[in-house]
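query.txt (compact mmCIF, C-alpha atoms)
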# COMPACT_ATOMS: atom_id res chain seq x y z
CA MET U 117 35.51 -32.63 -8.66
CA LYS U 118 36.88 -29.15 -9.29
CA TYR U 119 34.62 -26.17 -9.82
CA VAL U 120 35.43 -22.67 -11.04
CA ASP U 121 32.85 -20.10 -12.12
CA LYS U 122 34.36 -18.41 -15.15
CA ASN U 123 31.50 -15.92 -15.22
CA VAL U 124 32.83 -14.51 -11.94
CA LEU U 125 36.45 -14.51 -13.05
CA ASN U 126 35.74 -12.92 -16.43
CA HIS U 127 33.02 -10.45 -15.38
CA LYS U 128 33.94 -6.92 -16.52
CA PHE U 129 33.11 -5.52 -13.07
CA THR U 130 34.69 -8.36 -11.13
CA LYS U 131 37.07 -6.07 -9.21
CA LEU U 132 34.15 -3.97 -8.03
CA LEU U 133 31.83 -6.84 -7.20
CA HIS U 134 34.13 -9.62 -6.04
CA GLN U 135 36.54 -8.21 -3.52
CA GLN U 136 38.61 -11.28 -2.60
CA PRO U 137 40.97 -13.46 -4.65
CA TYR U 138 38.76 -16.08 -6.29
CA ARG U 139 38.14 -19.11 -4.10
CA VAL U 140 35.55 -21.88 -3.79
CA CYS U 141 34.38 -23.61 -0.61
CA THR U 142 35.72 -27.16 -0.30
CA LYS U 143 32.40 -28.47 1.09
CA THR U 144 29.82 -26.49 -0.92
CA ILE U 145 30.04 -24.61 -4.23
CA MET U 146 29.77 -21.15 -2.69
CA ASP U 147 32.56 -18.87 -3.85
CA THR U 148 33.88 -15.33 -3.49
CA SER U 149 31.08 -13.91 -5.64
CA ASP U 150 29.65 -13.48 -2.13
CA ILE U 151 31.86 -10.64 -0.90
CA ASN U 152 31.16 -11.54 2.73
CA ILE U 153 32.24 -15.17 2.49
CA SER U 154 34.96 -16.42 4.81
CA PHE U 155 36.92 -19.66 5.02
CA ASP U 156 38.46 -21.74 7.78
CA LYS U 157 41.92 -23.32 7.61
CA ASP U 158 40.51 -26.26 5.62
CA GLY U 159 38.93 -24.04 3.01
CA VAL U 160 35.39 -24.61 4.31
CA SER U 161 33.21 -21.51 4.03
CA ASN U 162 31.10 -20.01 6.81
CA HIS U 163 28.00 -20.95 4.80
CA PHE U 164 28.52 -24.68 5.30
CA TYR U 165 28.20 -24.34 9.07
CA ILE U 166 24.90 -22.40 9.04
CA TYR U 167 22.69 -25.49 8.71
CA LYS U 168 24.93 -27.54 11.00
CA ASN U 169 24.66 -24.93 13.77
CA PHE U 170 20.93 -24.60 13.25
CA LYS U 171 20.36 -28.35 13.44
CA GLU U 172 22.44 -28.68 16.60
CA LYS U 173 20.39 -25.93 18.21
CA ILE U 174 16.92 -27.08 17.18
CA TYR U 175 17.57 -30.78 17.59
CA PHE U 176 18.94 -30.31 21.09
CA LYS U 177 15.37 -31.09 22.13
CA ASN U 178 12.78 -33.16 20.28
CA PRO U 179 11.82 -30.93 17.32
CA LYS U 180 8.59 -32.77 16.57
CA GLU U 181 7.50 -32.35 20.17
CA ILE U 182 8.31 -28.64 20.02
CA MET U 183 6.31 -28.30 16.80
CA MET U 184 3.29 -30.19 18.11
CA ASP U 185 3.28 -28.14 21.32
CA SER U 186 3.04 -25.03 19.14
CA VAL U 187 0.28 -26.59 17.04
CA LYS U 188 -1.70 -27.46 20.19
CA LYS U 189 -1.39 -23.88 21.43
CA ILE U 190 -2.60 -22.54 18.09
CA LYS U 191 -5.59 -24.90 18.02
CA SER U 192 -6.46 -24.10 21.63
CA LYS U 193 -6.36 -20.35 21.10
CA ARG U 194 -8.22 -20.54 17.77
CA LYS U 195 -10.83 -23.27 18.48
CA LYS U 196 -13.74 -20.81 18.23
CA ASN U 197 -12.42 -19.21 15.04
CA GLN U 198 -12.97 -20.11 11.40
CA TYR U 199 -9.23 -20.26 10.71
CA ASP U 200 -6.22 -21.29 12.77
CA CYS U 201 -3.72 -19.62 10.47
CA ILE U 202 -3.04 -18.05 7.10
CA LEU U 203 -0.57 -19.36 4.52
CA GLY U 204 0.84 -17.54 1.51
CA ILE U 205 0.77 -19.85 -1.51
CA SER U 206 2.89 -19.28 -4.62
CA GLY U 207 2.48 -22.61 -6.39
CA GLY U 208 6.08 -23.54 -5.61
CA VAL U 209 7.28 -26.62 -3.74
CA ASP U 210 7.73 -25.25 -0.21
CA SER U 211 4.44 -23.37 0.17
CA SER U 212 2.47 -26.10 -1.66
CA PHE U 213 3.88 -28.86 0.51
CA LEU U 214 3.28 -26.82 3.64
CA ALA U 215 -0.39 -26.43 2.69
CA HIS U 216 -0.60 -30.22 2.41
CA TYR U 217 1.33 -30.82 5.64
CA ALA U 218 -0.58 -28.23 7.66
CA CYS U 219 -3.94 -29.70 6.68
CA LYS U 220 -3.30 -33.42 6.36
CA VAL U 221 -0.70 -33.93 9.10
CA LEU U 222 -1.10 -31.08 11.58
CA GLY U 223 -4.86 -30.76 11.17
CA LEU U 224 -4.85 -26.97 11.05
CA LYS U 225 -7.66 -24.83 9.61
CA VAL U 226 -5.82 -22.90 6.91
CA LEU U 227 -6.75 -19.84 4.88
CA LEU U 228 -4.74 -19.65 1.66
CA LEU U 229 -3.61 -16.29 0.30
CA HIS U 230 -2.11 -15.75 -3.13
CA ILE U 231 -0.65 -12.43 -4.28
CA ASP U 232 -1.01 -11.90 -8.03
CA THR U 233 1.77 -9.62 -9.27
CA GLY U 234 0.96 -10.04 -12.94
CA TRP U 235 3.85 -12.45 -13.59
CA ASN U 236 2.43 -15.85 -12.62
CA SER U 237 3.30 -18.81 -14.82
CA ASP U 238 0.33 -20.90 -15.98
CA ILE U 239 1.80 -23.90 -14.15
CA ALA U 240 1.91 -22.05 -10.83
CA VAL U 241 -1.70 -20.88 -11.19
CA GLN U 242 -2.91 -24.42 -11.87
CA ASN U 243 -0.88 -25.81 -8.96
CA ILE U 244 -2.57 -23.35 -6.61
CA LYS U 245 -6.07 -24.14 -7.90
CA ASN U 246 -5.50 -27.90 -7.58
CA LEU U 247 -4.25 -27.62 -4.00
CA ALA U 248 -7.08 -25.38 -2.86
CA LYS U 249 -9.69 -27.64 -4.46
CA LYS U 250 -8.35 -30.97 -3.23
CA LEU U 251 -7.65 -29.70 0.28
CA HIS U 252 -11.06 -27.95 0.41
CA LEU U 253 -9.42 -24.70 1.44
CA GLU U 254 -10.68 -21.17 0.91
CA LEU U 255 -8.34 -19.23 -1.34
CA HIS U 256 -8.13 -15.44 -1.22
CA THR U 257 -6.31 -13.73 -4.09
CA TYR U 258 -4.97 -10.19 -3.83
CA VAL U 259 -4.29 -8.67 -7.24
CA LEU U 260 -1.73 -5.88 -7.16
CA ASP U 261 -2.43 -2.76 -9.20
CA TRP U 262 -0.48 -3.59 -12.37
CA GLU U 263 0.44 -0.01 -13.31
CA VAL U 264 1.86 0.61 -9.83
CA ILE U 265 3.80 -2.65 -9.51
CA LYS U 266 5.11 -2.14 -13.05
CA ASP U 267 6.31 1.36 -12.13
CA LEU U 268 8.09 -0.05 -9.08
CA GLN U 269 9.73 -2.88 -11.02
CA ARG U 270 10.84 -0.45 -13.71
CA SER U 271 12.30 1.78 -10.98
CA PHE U 272 14.34 -1.02 -9.44
CA PHE U 273 15.65 -2.15 -12.82
CA LEU U 274 16.69 1.41 -13.67
CA SER U 275 18.33 1.79 -10.25
CA GLY U 276 20.83 -0.97 -11.11
CA VAL U 277 20.65 -2.77 -7.73
CA PRO U 278 20.82 -6.57 -7.37
CA ASN U 279 17.49 -7.41 -5.76
CA LEU U 280 14.78 -6.67 -8.32
CA ASP U 281 12.34 -8.86 -6.40
CA ILE U 282 11.92 -6.27 -3.64
CA PRO U 283 8.71 -4.65 -5.02
CA GLN U 284 6.82 -7.95 -5.15
CA ASP U 285 8.36 -9.45 -1.98
CA HIS U 286 7.57 -6.28 -0.04
CA ALA U 287 3.96 -6.50 -1.18
CA PHE U 288 3.79 -10.19 -0.23
CA ALA U 289 4.67 -9.42 3.39
CA ALA U 290 2.42 -6.36 3.62
CA CYS U 291 -0.57 -8.18 2.13
CA MET U 292 -0.06 -11.27 4.29
CA TYR U 293 -0.15 -9.32 7.54
CA ASN U 294 -3.01 -7.14 6.37
CA GLU U 295 -5.09 -10.18 5.36
CA ALA U 296 -4.34 -11.81 8.71
CA ARG U 297 -5.55 -8.69 10.49
CA LYS U 298 -8.73 -8.43 8.40
CA ASN U 299 -9.62 -12.05 9.15
CA ASN U 300 -8.65 -11.80 12.83
CA ILE U 301 -5.89 -14.41 12.39
CA ASN U 302 -2.90 -14.38 14.75
CA TYR U 303 -0.70 -16.98 13.08
CA ILE U 304 1.08 -16.89 9.74
CA LEU U 305 2.47 -20.15 8.40
CA SER U 306 5.69 -19.72 6.44
CA GLY U 307 7.19 -22.21 4.00
CA GLY U 308 10.61 -20.76 4.70
CA ASN U 309 12.97 -23.42 5.94
CA MET U 310 16.62 -23.98 6.72
CA THR U 311 16.83 -27.19 4.71
CA THR U 312 16.49 -25.57 1.30
CA GLU U 313 17.30 -21.97 2.27
CA SER U 314 20.05 -22.03 4.89
CA ILE U 315 22.34 -20.17 2.49
CA LEU U 316 21.05 -16.80 1.29
CA PRO U 317 24.04 -14.42 0.98
CA ASN U 318 23.23 -10.84 1.96
CA SER U 319 25.49 -9.57 -0.81
CA TYR U 320 23.24 -11.17 -3.43
CA GLY U 321 20.29 -9.02 -2.39
CA TYR U 322 18.76 -6.84 0.31
CA ASP U 323 15.97 -6.81 2.90
CA SER U 324 12.72 -6.55 0.92
CA ASN U 325 10.83 -5.23 3.96
CA ASP U 326 12.77 -1.94 4.05
CA SER U 327 10.03 0.55 3.11
CA ILE U 328 12.39 3.54 3.21
CA HIS U 329 14.66 1.85 0.66
CA LEU U 330 11.75 0.94 -1.60
CA ILE U 331 10.28 4.44 -1.50
CA ASP U 332 13.64 6.13 -2.15
CA ILE U 333 14.35 4.09 -5.28
CA HIS U 334 10.81 4.62 -6.53
CA LYS U 335 11.05 8.36 -5.86
CA LYS U 336 14.25 8.57 -7.94
CA PHE U 337 13.14 6.44 -10.88
CA GLY U 338 9.35 6.05 -10.75
CA SER U 339 6.56 8.26 -12.01
CA LEU U 340 3.34 7.12 -10.29
CA LYS U 341 2.12 7.55 -6.73
CA LEU U 342 2.02 4.40 -4.60
CA ARG U 343 -1.67 4.84 -3.78
CA ASN U 344 -2.73 1.24 -4.25
CA TYR U 345 0.50 -0.40 -3.18
CA PRO U 346 0.67 -2.03 0.30
CA VAL U 347 3.67 -0.44 2.03
CA PHE U 348 5.06 -2.42 4.98
CA SER U 349 6.31 0.33 7.26
CA LEU U 350 8.81 -0.07 10.08
CA TYR U 351 6.03 0.68 12.57
CA LYS U 352 3.79 -2.02 11.13
CA ARG U 353 6.64 -4.54 10.96
CA PHE U 354 7.95 -4.13 14.50
CA ILE U 355 5.13 -2.59 16.53
CA TYR U 356 1.62 -2.78 15.10
CA TYR U 357 1.42 -6.35 13.82
CA PRO U 358 3.63 -8.27 16.29
CA ILE U 359 2.76 -6.35 19.47
CA ILE U 360 -0.59 -4.61 19.07
CA LYS U 361 -2.21 -7.30 16.90
CA SER U 362 -0.12 -10.20 18.29
CA ILE U 363 0.48 -11.76 14.87
CA LYS U 364 3.23 -14.39 14.93
CA THR U 365 5.02 -16.45 12.28
CA PHE U 366 5.40 -20.22 12.50
CA ARG U 367 7.73 -22.30 10.27
CA PRO U 368 6.75 -25.99 10.58
CA LEU U 369 9.20 -27.20 7.93
CA ASP U 370 12.07 -26.30 10.26
CA TYR U 371 10.91 -28.99 12.69
CA ILE U 372 10.74 -31.95 10.33
CA GLU U 373 13.16 -33.87 8.11
CA TYR U 374 12.08 -31.95 5.04
CA SER U 375 13.07 -33.56 1.75
CA LYS U 376 12.47 -31.56 -1.42
CA ASP U 377 12.31 -34.67 -3.60
CA LYS U 378 9.83 -36.44 -1.30
CA ALA U 379 7.73 -33.28 -1.10
CA LYS U 380 7.57 -33.08 -4.90
CA LYS U 381 6.55 -36.74 -5.13
CA ILE U 382 3.66 -36.24 -2.68
CA LEU U 383 2.50 -33.12 -4.50
CA GLU U 384 2.67 -34.79 -7.91
CA ASP U 385 0.89 -37.96 -6.80
CA ASP U 386 -1.82 -36.39 -4.63
CA TYR U 387 -2.49 -33.03 -6.28
CA GLY U 388 -1.28 -33.24 -9.88
CA TRP U 389 1.38 -30.67 -9.02
CA LYS U 390 3.79 -29.82 -11.84
CA SER U 391 7.35 -28.50 -11.67
CA TYR U 392 7.95 -24.97 -12.97
CA GLY U 393 11.67 -25.51 -13.61
CA ALA U 394 13.74 -24.19 -10.69
CA LYS U 395 13.47 -22.58 -7.27
CA HIS U 396 11.32 -19.40 -7.30
CA CYS U 397 10.64 -19.68 -11.04
CA GLU U 398 6.87 -19.83 -10.50
CA SER U 399 7.07 -16.08 -11.29
CA ARG U 400 8.28 -15.23 -14.80
CA PHE U 401 9.76 -12.01 -13.42
CA THR U 402 11.74 -13.81 -10.72
CA LYS U 403 12.85 -16.44 -13.22
CA PHE U 404 14.33 -13.82 -15.57
CA PHE U 405 15.78 -11.66 -12.81
CA GLN U 406 17.37 -14.60 -11.02
CA ASN U 407 18.59 -16.58 -14.03
CA HIS U 408 19.70 -13.78 -16.34
CA TYR U 409 19.82 -10.32 -14.76
CA LEU U 410 21.84 -11.33 -11.70
CA PRO U 411 24.43 -13.56 -13.45
CA THR U 412 24.84 -11.12 -16.36
CA LYS U 413 25.01 -7.80 -14.52
CA PHE U 414 26.54 -8.96 -11.22
CA GLY U 415 28.03 -12.41 -11.73
CA PHE U 416 25.68 -13.75 -9.04
CA ASP U 417 24.35 -17.26 -9.70
CA LYS U 418 21.76 -18.02 -7.00
CA ARG U 419 21.84 -21.69 -7.95
CA LYS U 420 25.07 -21.85 -5.93
CA ALA U 421 23.19 -20.91 -2.76
CA HIS U 422 20.26 -23.23 -3.47
CA LEU U 423 22.48 -26.22 -4.31
CA SER U 424 24.88 -25.50 -1.45
CA SER U 425 21.95 -25.47 0.99
CA LEU U 426 21.08 -28.99 -0.16
CA ILE U 427 24.73 -30.04 0.20
CA SER U 428 24.83 -28.67 3.74
CA CYS U 429 21.79 -30.68 4.83
CA GLY U 430 23.02 -33.87 3.15
CA GLN U 431 20.43 -34.06 0.37
CA LEU U 432 22.96 -33.52 -2.43
CA SER U 433 26.62 -34.35 -2.92
CA ARG U 434 29.11 -31.70 -3.93
CA ASP U 435 29.88 -33.55 -7.18
CA GLU U 436 26.18 -33.70 -8.02
CA ALA U 437 25.90 -29.96 -7.36
CA ILE U 438 28.88 -29.23 -9.62
CA LYS U 439 27.31 -31.25 -12.43
CA GLU U 440 24.07 -29.32 -11.96
CA ILE U 441 25.71 -25.86 -11.82
CA LYS U 442 27.63 -26.58 -15.02
CA LYS U 443 24.38 -26.95 -16.94
CA PRO U 444 23.29 -23.82 -18.86
CA ILE U 445 21.25 -21.58 -16.61
CA TYR U 446 18.90 -20.76 -19.49
CA ASP U 447 17.85 -22.44 -22.71
CA GLU U 448 18.74 -19.97 -25.48
CA ASN U 449 15.30 -19.95 -27.11
CA GLU U 450 13.59 -19.63 -23.74
CA LEU U 451 15.92 -16.80 -22.74
CA HIS U 452 15.11 -14.91 -25.94
CA GLN U 453 11.37 -15.29 -25.31
CA ASP U 454 11.60 -14.28 -21.64
CA LYS U 455 13.84 -11.32 -22.43
CA GLU U 456 11.42 -9.99 -25.04
CA TYR U 457 8.53 -10.56 -22.62
CA PHE U 458 10.34 -8.70 -19.81
CA ILE U 459 11.16 -5.71 -22.02
CA LYS U 460 7.67 -5.46 -23.50
CA LYS U 461 5.75 -6.01 -20.25
CA LEU U 462 7.71 -3.30 -18.43
CA ASP U 463 7.51 -0.87 -21.39
CA PHE U 464 11.24 -0.59 -21.98
CA THR U 465 12.83 0.08 -25.33
CA GLN U 466 15.59 -2.25 -26.42
CA SER U 467 18.17 0.51 -25.97
CA GLU U 468 16.92 1.37 -22.45
CA TYR U 469 17.23 -2.27 -21.48
CA GLU U 470 20.72 -2.64 -22.95
CA ASN U 471 21.94 0.56 -21.29
CA VAL U 472 20.94 -0.70 -17.85
CA MET U 473 22.52 -4.10 -18.43
CA LYS U 474 25.80 -2.54 -19.56
CA ALA U 475 25.96 0.14 -16.85
CA LYS U 476 28.15 -0.11 -13.77
CA PRO U 477 26.28 -2.09 -11.08
CA LYS U 478 24.85 -0.24 -8.11
CA PHE U 479 24.67 -1.43 -4.53
CA HIS U 480 21.65 -1.18 -2.26
CA SER U 481 23.78 0.97 0.03
CA ASP U 482 23.77 3.65 -2.69
CA TYR U 483 20.17 4.42 -1.73
CA LYS U 484 18.40 5.38 1.49
CA SER U 485 17.40 2.67 3.93
CA TYR U 486 16.20 2.16 7.48
CA LYS U 487 19.36 0.20 8.29
CA LYS U 488 20.66 2.68 10.91
CA LEU U 489 17.30 2.79 12.67
CA TYR U 490 16.98 -0.99 12.41
CA ASP U 491 20.45 -1.44 13.93
CA PHE U 492 19.56 1.01 16.70
CA LEU U 493 16.47 -1.03 17.58
CA LYS U 494 18.41 -4.26 17.37
CA ASN U 495 21.34 -3.20 19.49
CA ARG U 496 19.86 -0.79 22.02
CA ALA U 497 16.09 -0.85 22.32
CA LYS U 498 14.70 -3.29 24.87
CA LEU U 499 11.52 -3.35 22.84
CA PHE U 500 13.27 -5.17 20.02
CA ASP U 501 13.91 -8.25 22.15
CA LYS U 502 10.21 -8.48 22.95
CA VAL U 503 9.31 -8.02 19.29
CA LYS U 504 11.81 -10.64 18.17
CA LYS U 505 10.36 -13.18 20.59
CA ASN U 506 6.85 -12.45 19.34
CA LEU U 507 7.98 -12.84 15.75
CA ASN U 508 9.61 -16.22 16.26
CA LYS U 509 7.62 -17.96 18.99
CA ILE U 510 4.08 -19.16 19.35

Full structure transcribed into structure tokens:
Amino acid sequence: MKYVDKNVLNHKFTKLLHQQPYRVCTKTIMDTSDINISFDKDGVSNHFYIYKNFKEKIYFKNPKEIMMDSVKKIKSKRKKNQYDCILGISGGVDSSFLAHYACKVLGLKVLLLHIDTGWNSDIAVQNIKNLAKKLHLELHTYVLDWEVIKDLQRSFFLSGVPNLDIPQDHAFAACMYNEARKNNINYILSGGNMTTESILPNSYGYDSNDSIHLIDIHKKFGSLKLRNYPVFSLYKRFIYYPIIKSIKTFRPLDYIEYSKDKAKKILEDDYGWKSYGAKHCESRFTKFFQNHYLPTKFGFDKRKAHLSSLISCGQLSRDEAIKEIKKPIYDENELHQDKEYFIKKLDFTQSEYENVMKAKPKFHSDYKSYKKLYDFLKNRAKLFDKVKKNLNKI
């Protein structure tokens, strides 16, 4: 089945944003809206091979055995503690299923942490409550200062960059590590996984942990001081938490045959979990940013990456993905409601909103970042290798 994204071809800034002649991967539905995409002689994009290469590497040995060895080490080191690990819960499929799996299958003592950004859907909130109650888990909720997070989200919208989720994602990471430190927890469980997220094009967004980038955009477009906002500095990210506090991240879903459909069925049957529509749409902000702002202003449809990830791991056929991507990304009535909600909640006027949406897109590289310093650490500093091992191994 043939697929062409006319939104990319007809976008008024297509020459600026999409720098190759239009082409679609013959295995997935990723296309040249990702400016960094490349193709082999058969027209297969580099994205298709990401999961394949990962699976060959991790399945070289018995993945379940590797996972259980890590679990045993965690339990051994934490046997005298109240918690083995901390898990960030959003109410979405991946984090919800991981809470179930960590408790019921791995037998870990889990502390749940939810970050309230002021944009939670009612469905997501109820999903979280049901899981915590039925799993008998303690749930800590960190409520971000609304005026500050609003000022940051306004700043990023006014800046014109692709990744508007940076203010909340940055806070998620900062709060997670800080909560782990406060509760003397050394292990963070992450619902991130290569099955559903092997394809995440860099050109569609930017590293949310870059504190220099976040502060620069806020300085240019914001008005409040970030007094109550948890900034995740470079020092905290690479030195303090992983080395001084020995906090490590563990991704169990990478070691199992993770099926999104089966996970949903377990959550629905055992916990009364309800779907919130699409990936990452448990937040009304993320839903609007991902399903309207990105496709409209940049011609980026993140469904391509999500569906292509499922194609790559064999959970979806290319024809099925094409049928899905051809469906409207937003119901018109729902879009109108969410648009009005977005404008009102962030205190924009209609004209301010329209001016941003019509303006020439900006790139994250137009603003300051710690990229040069990050690259220096990555390429030259011996310390980085030690940090990287601490970040990825138990």

Need to verify the contact set: segment 347-360 of chain U, 6 Å, all atoms listed in the file, exclusion of same-chain residues closer than 3 positions in sequence. Can you return it as an mmCIF file with C-alpha atoms, keeping the file's coordinate frame?
data_model
loop_
_atom_site.group_PDB
_atom_site.id
_atom_site.type_symbol
_atom_site.label_atom_id
_atom_site.label_comp_id
_atom_site.auth_asym_id
_atom_site.auth_seq_id
_atom_site.Cartn_x
_atom_site.Cartn_y
_atom_site.Cartn_z
ATOM 1 C CA ALA U 290 2.420 -6.360 3.620
ATOM 2 C CA SER U 327 10.030 0.550 3.110
ATOM 3 C CA ILE U 363 0.480 -11.760 14.870
#

Counting all atoms listed in the file, the residue of U:Ile315, U:Ile205, U:Leu462, U:Ile301 that sits nearest Leu268 of chain U = U:Leu462

message = So the first atom is atom CA of Lys225 of chain U and the second is atom CA of Tyr199 of chain U; what is the distance between them in Å, to one decimal place?
response = 5.0 Å

inquiry  = Could you check which residues have any atom within 12 Å of (19.9, -25.3, 12.0), counting only C-alpha atoms with coordinates taken straight from the file, and then list them as a ChimeraX atom specification?
reply    = /U:163-176,179,309-315,369-373,425,428-429

inquiry  = Report, in Å with one decimal, the straight-line distance from atom CA of Asp210 of chain U to atom CA of Ala379 of chain U.
reply    = 8.1 Å

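Proximity to Asp121 of chain U at 9 Å, evaluated using all atoms listed in the file and with sequence-adjacent residues fewer than 5 positions away removed, yields Asn126, Val140, Asp147 and Lys442 of chain U.
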
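The list of residues with at least one atom within 10 Å of Lys413 of chain U, based on all atoms listed in the file and without residues fewer than 2 positions apart in the same chain, reads His127, Lys128, Phe129, Gly276, Val277, Pro278, His408, Tyr409, Leu410, Pro411, Gly415, Phe416, Val472, Met473, Lys474, Ala475, Lys476, Pro477 and Lys478 of chain U.
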
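Coordinates place atom CA of Ile328 of chain U at a distance of 23.3 Å from atom CA of Asp232 of chain U.
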
key: Best match for closeness to Asp323 of chain U among U:Asn246, U:Phe366, U:Tyr486, U:Asn471, counting all atoms listed in the file   = U:Tyr486

task = Counting only C-alpha atoms, figure out which residue out of U:Arg400, U:Arg419, U:His252, U:Lys443 gets nearest to Phe458 of chain U.
result = U:Arg400

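Closest approach to Cys141 of chain U from the set U:Ile438, U:Lys189, U:Phe273, U:Pro444 is made by U:Ile438, with distances taken over all atoms listed in the file.
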
query = From the set U:Asp447, U:Glu440, U:Glu456, U:Asp417, which residue has the shortest atom-to-atom contact distance to Thr148 of chain U, counting only C-alpha atoms?
reply = U:Asp417

query = Got a sec: who's within 7 Å of Leu305 of chain U, counting all atoms listed in the file, leaving out chain neighbours fewer than 3 positions off, as number ranges by chain?
reply = U: 201-203, 365-367

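Between Lys380 of chain U and the candidates U:Arg139, U:His216, U:Ile190, U:Asn162, the tightest atom-to-atom separation, counting all atoms listed in the file, involves U:His216.
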
Can I get segment 353-366 of chain U with N, CA and C atoms filled in, as a short mmCIF file (atom, residue, chain, number, x, y, z; two decimals), in the frame of the given file?
data_model
loop_
_atom_site.label_atom_id
_atom_site.label_comp_id
_atom_site.auth_asym_id
_atom_site.auth_seq_id
_atom_site.Cartn_x
_atom_site.Cartn_y
_atom_site.Cartn_z
N ARG U 353 5.82 -3.33 10.87
CA ARG U 353 6.64 -4.54 10.96
C ARG U 353 7.02 -4.87 12.39
N PHE U 354 7.39 -3.87 13.18
CA PHE U 354 7.95 -4.13 14.50
C PHE U 354 7.04 -3.79 15.68
N ILE U 355 6.00 -3.00 15.43
CA ILE U 355 5.13 -2.59 16.53
C ILE U 355 3.69 -3.06 16.33
N TYR U 356 3.06 -2.57 15.27
CA TYR U 356 1.62 -2.78 15.10
C TYR U 356 1.24 -4.26 14.99
N TYR U 357 1.83 -4.95 14.03
CA TYR U 357 1.42 -6.35 13.82
C TYR U 357 1.90 -7.30 14.92
N PRO U 358 3.19 -7.29 15.28
CA PRO U 358 3.63 -8.27 16.29
C PRO U 358 3.19 -7.97 17.72
N ILE U 359 3.06 -6.69 18.08
CA ILE U 359 2.76 -6.35 19.47
C ILE U 359 1.28 -6.00 19.67
N ILE U 360 0.80 -5.03 18.89
CA ILE U 360 -0.59 -4.61 19.07
C ILE U 360 -1.57 -5.68 18.61
N LYS U 361 -1.31 -6.28 17.44
CA LYS U 361 -2.21 -7.30 16.90
C LYS U 361 -1.78 -8.73 17.24
N SER U 362 -0.63 -8.89 17.85
CA SER U 362 -0.12 -10.20 18.29
C SER U 362 -0.08 -11.25 17.16
N ILE U 363 0.37 -10.84 15.99
CA ILE U 363 0.48 -11.76 14.87
C ILE U 363 1.88 -12.37 14.86
N LYS U 364 1.95 -13.68 14.84
CA LYS U 364 3.23 -14.39 14.93
C LYS U 364 3.43 -15.27 13.70
N THR U 365 4.68 -15.58 13.40
CA THR U 365 5.02 -16.45 12.28
C THR U 365 5.51 -17.80 12.78
N PHE U 366 5.05 -18.85 12.13
CA PHE U 366 5.40 -20.22 12.50
C PHE U 366 5.91 -20.96 11.27
#
